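Worksheet for the structure shown next.
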Amino acid sequence: MQKNNLDIYYNDDIIKKHMNIYSSVQKTEVTNMKKTYKIEVDCANCANKMEEAAKKTTGVKTASVNFMMLKMTVEFDDGADIAQVMKEVLKNCKKVEDDCEIYL
């Protein structure tokens, strides 16, 4: 049985579309690494100091602290070693607010 060239083109087109969608999903998952940590901090001003210290840490793309929820959200640079970066974040936060805590 002979296949129609249109059928082959159509099937190839569908496969390419699915591969492009899958490829873009993989890239998004890899490049947007964000984690949330429970923290302990005494006041809103101290939380702000922690946020600024975290943002200045190498390997951190952005960071935000929610004092009311006692949470810190950190987005990491591509290829960053998350465990090592978070050790540095904690160390930098302790420099500006020695009685704070980040539960890693």
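Residues are referred to by chain and number: the chain letter is A, B, ... according to the order shown in the structure tokens, the number counts from 1 in that chain, and ligands are numbered separately from 1 in the order shown.
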
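Excluding Phe76 in chain A itself and any same-chain residue fewer than 6 positions from it, the protein and nucleic acid residues within 7 Å of it, counting only C-alpha atoms, are Met33, Lys34, Gly59, Val60 and Lys61 of chain A.
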
Please produce a file of the residues just selected, as a PDB file, in the first residue's frame, where the atoms kept are C-alpha atoms.
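So the final result, stored in result.pdb, reads:
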ATOM      1  CA  MET A  33      14.689  26.925  40.139  1.00  0.00           C
ATOM      2  CA  LYS A  34      12.850  28.466  43.067  1.00  0.00           C
ATOM      3  CA  GLY A  59      24.156  32.094  43.104  1.00  0.00           C
ATOM      4  CA  VAL A  60      20.914  33.853  44.080  1.00  0.00           C
ATOM      5  CA  LYS A  61      18.929  35.355  41.222  1.00  0.00           C
TER       6      LYS A  61
END

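Taking only C-alpha atoms into account, Asp99 in chain A lies nearest to A:Cys43 out of the set A:Glu51, A:Cys43, A:Asp78, A:Asn32.
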
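Across the structure, CA of Lys95 in chain A and CA of Tyr37 in chain A are spaced 18.6 Å apart.
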
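Put simply, CA of Val85 in chain A is 22.5 Å away from CA of Met69 in chain A.
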
12 Å contact set for Asn45 in chain A, only C-alpha atoms, chain neighbours under 2 positions out, as an MDAnalysis selection string: chainID A and resid 41:43 47:52 65:68 96:97 100

Put those residues in a file: C-alpha atoms, as a PDB file, in the first residue's frame.
ATOM      1  CA  VAL A  41      13.075  36.152  62.592  1.00  0.00           C
ATOM      2  CA  ASP A  42      11.927  38.615  65.277  1.00  0.00           C
ATOM      3  CA  CYS A  43      10.756  41.694  63.384  1.00  0.00           C
ATOM      4  CA  ALA A  47      13.328  40.211  57.791  1.00  0.00           C
ATOM      5  CA  ASN A  48      14.170  43.031  55.385  1.00  0.00           C
ATOM      6  CA  LYS A  49      17.861  42.785  56.339  1.00  0.00           C
ATOM      7  CA  MET A  50      17.742  39.026  55.679  1.00  0.00           C
ATOM      8  CA  GLU A  51      16.166  39.581  52.278  1.00  0.00           C
ATOM      9  CA  GLU A  52      18.834  42.084  51.255  1.00  0.00           C
ATOM     10  CA  VAL A  65      11.077  37.302  52.704  1.00  0.00           C
ATOM     11  CA  ASN A  66       7.507  37.283  53.970  1.00  0.00           C
ATOM     12  CA  PHE A  67       7.685  38.272  57.636  1.00  0.00           C
ATOM     13  CA  MET A  68       4.035  37.469  58.383  1.00  0.00           C
ATOM     14  CA  VAL A  96      23.239  41.150  59.551  1.00  0.00           C
ATOM     15  CA  GLU A  97      20.868  39.453  62.027  1.00  0.00           C
ATOM     16  CA  CYS A 100      17.737  34.612  62.612  1.00  0.00           C
TER      17      CYS A 100
END

Polymer residues at most 7 Å from Ile102 in chain A, only C-alpha atoms, same-chain spacing of 3 or more positions, as an NGL selection string: :A and (37-40 or 90)

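Computed from the coordinates, the CA of Lys71 in chain A to CA of Glu101 in chain A distance equals 10.7 Å.
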
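Minimum atom-to-atom distances from A:Val89, A:Gln84, A:Glu75, A:Lys35 to Thr57 in chain A were compared using only C-alpha atoms, and the lowest value belongs to A:Val89.
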
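Residues of range 30-72 of chain A that DSSP, applied to the backbone, places in helix (DSSP H, G or I): Val30, Thr31, Ala44, Asn45, Cys46, Ala47, Asn48, Lys49, Met50, Glu51, Glu52, Ala53, Ala54 and Lys55 of chain A.
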
task: Run DSSP on the backbone and grab whatever in range 25-96 of chain A lands in strand (DSSP E or B); send it over as a PyMOL selection string.
output: chain A and resi 34-40+60-66+71-76

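When only C-alpha atoms are used to compute distances to Ala83 in chain A, the closest of the residues A:Asp98, A:Leu70, A:Leu104, A:Ser64 turns out to be A:Leu104.
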
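Those residues that approach Ala63 in chain A to within 6 Å, counting only C-alpha atoms, are Lys55, Thr73 and Val74 of chain A; same-chain residues fewer than 5 positions away are not listed.
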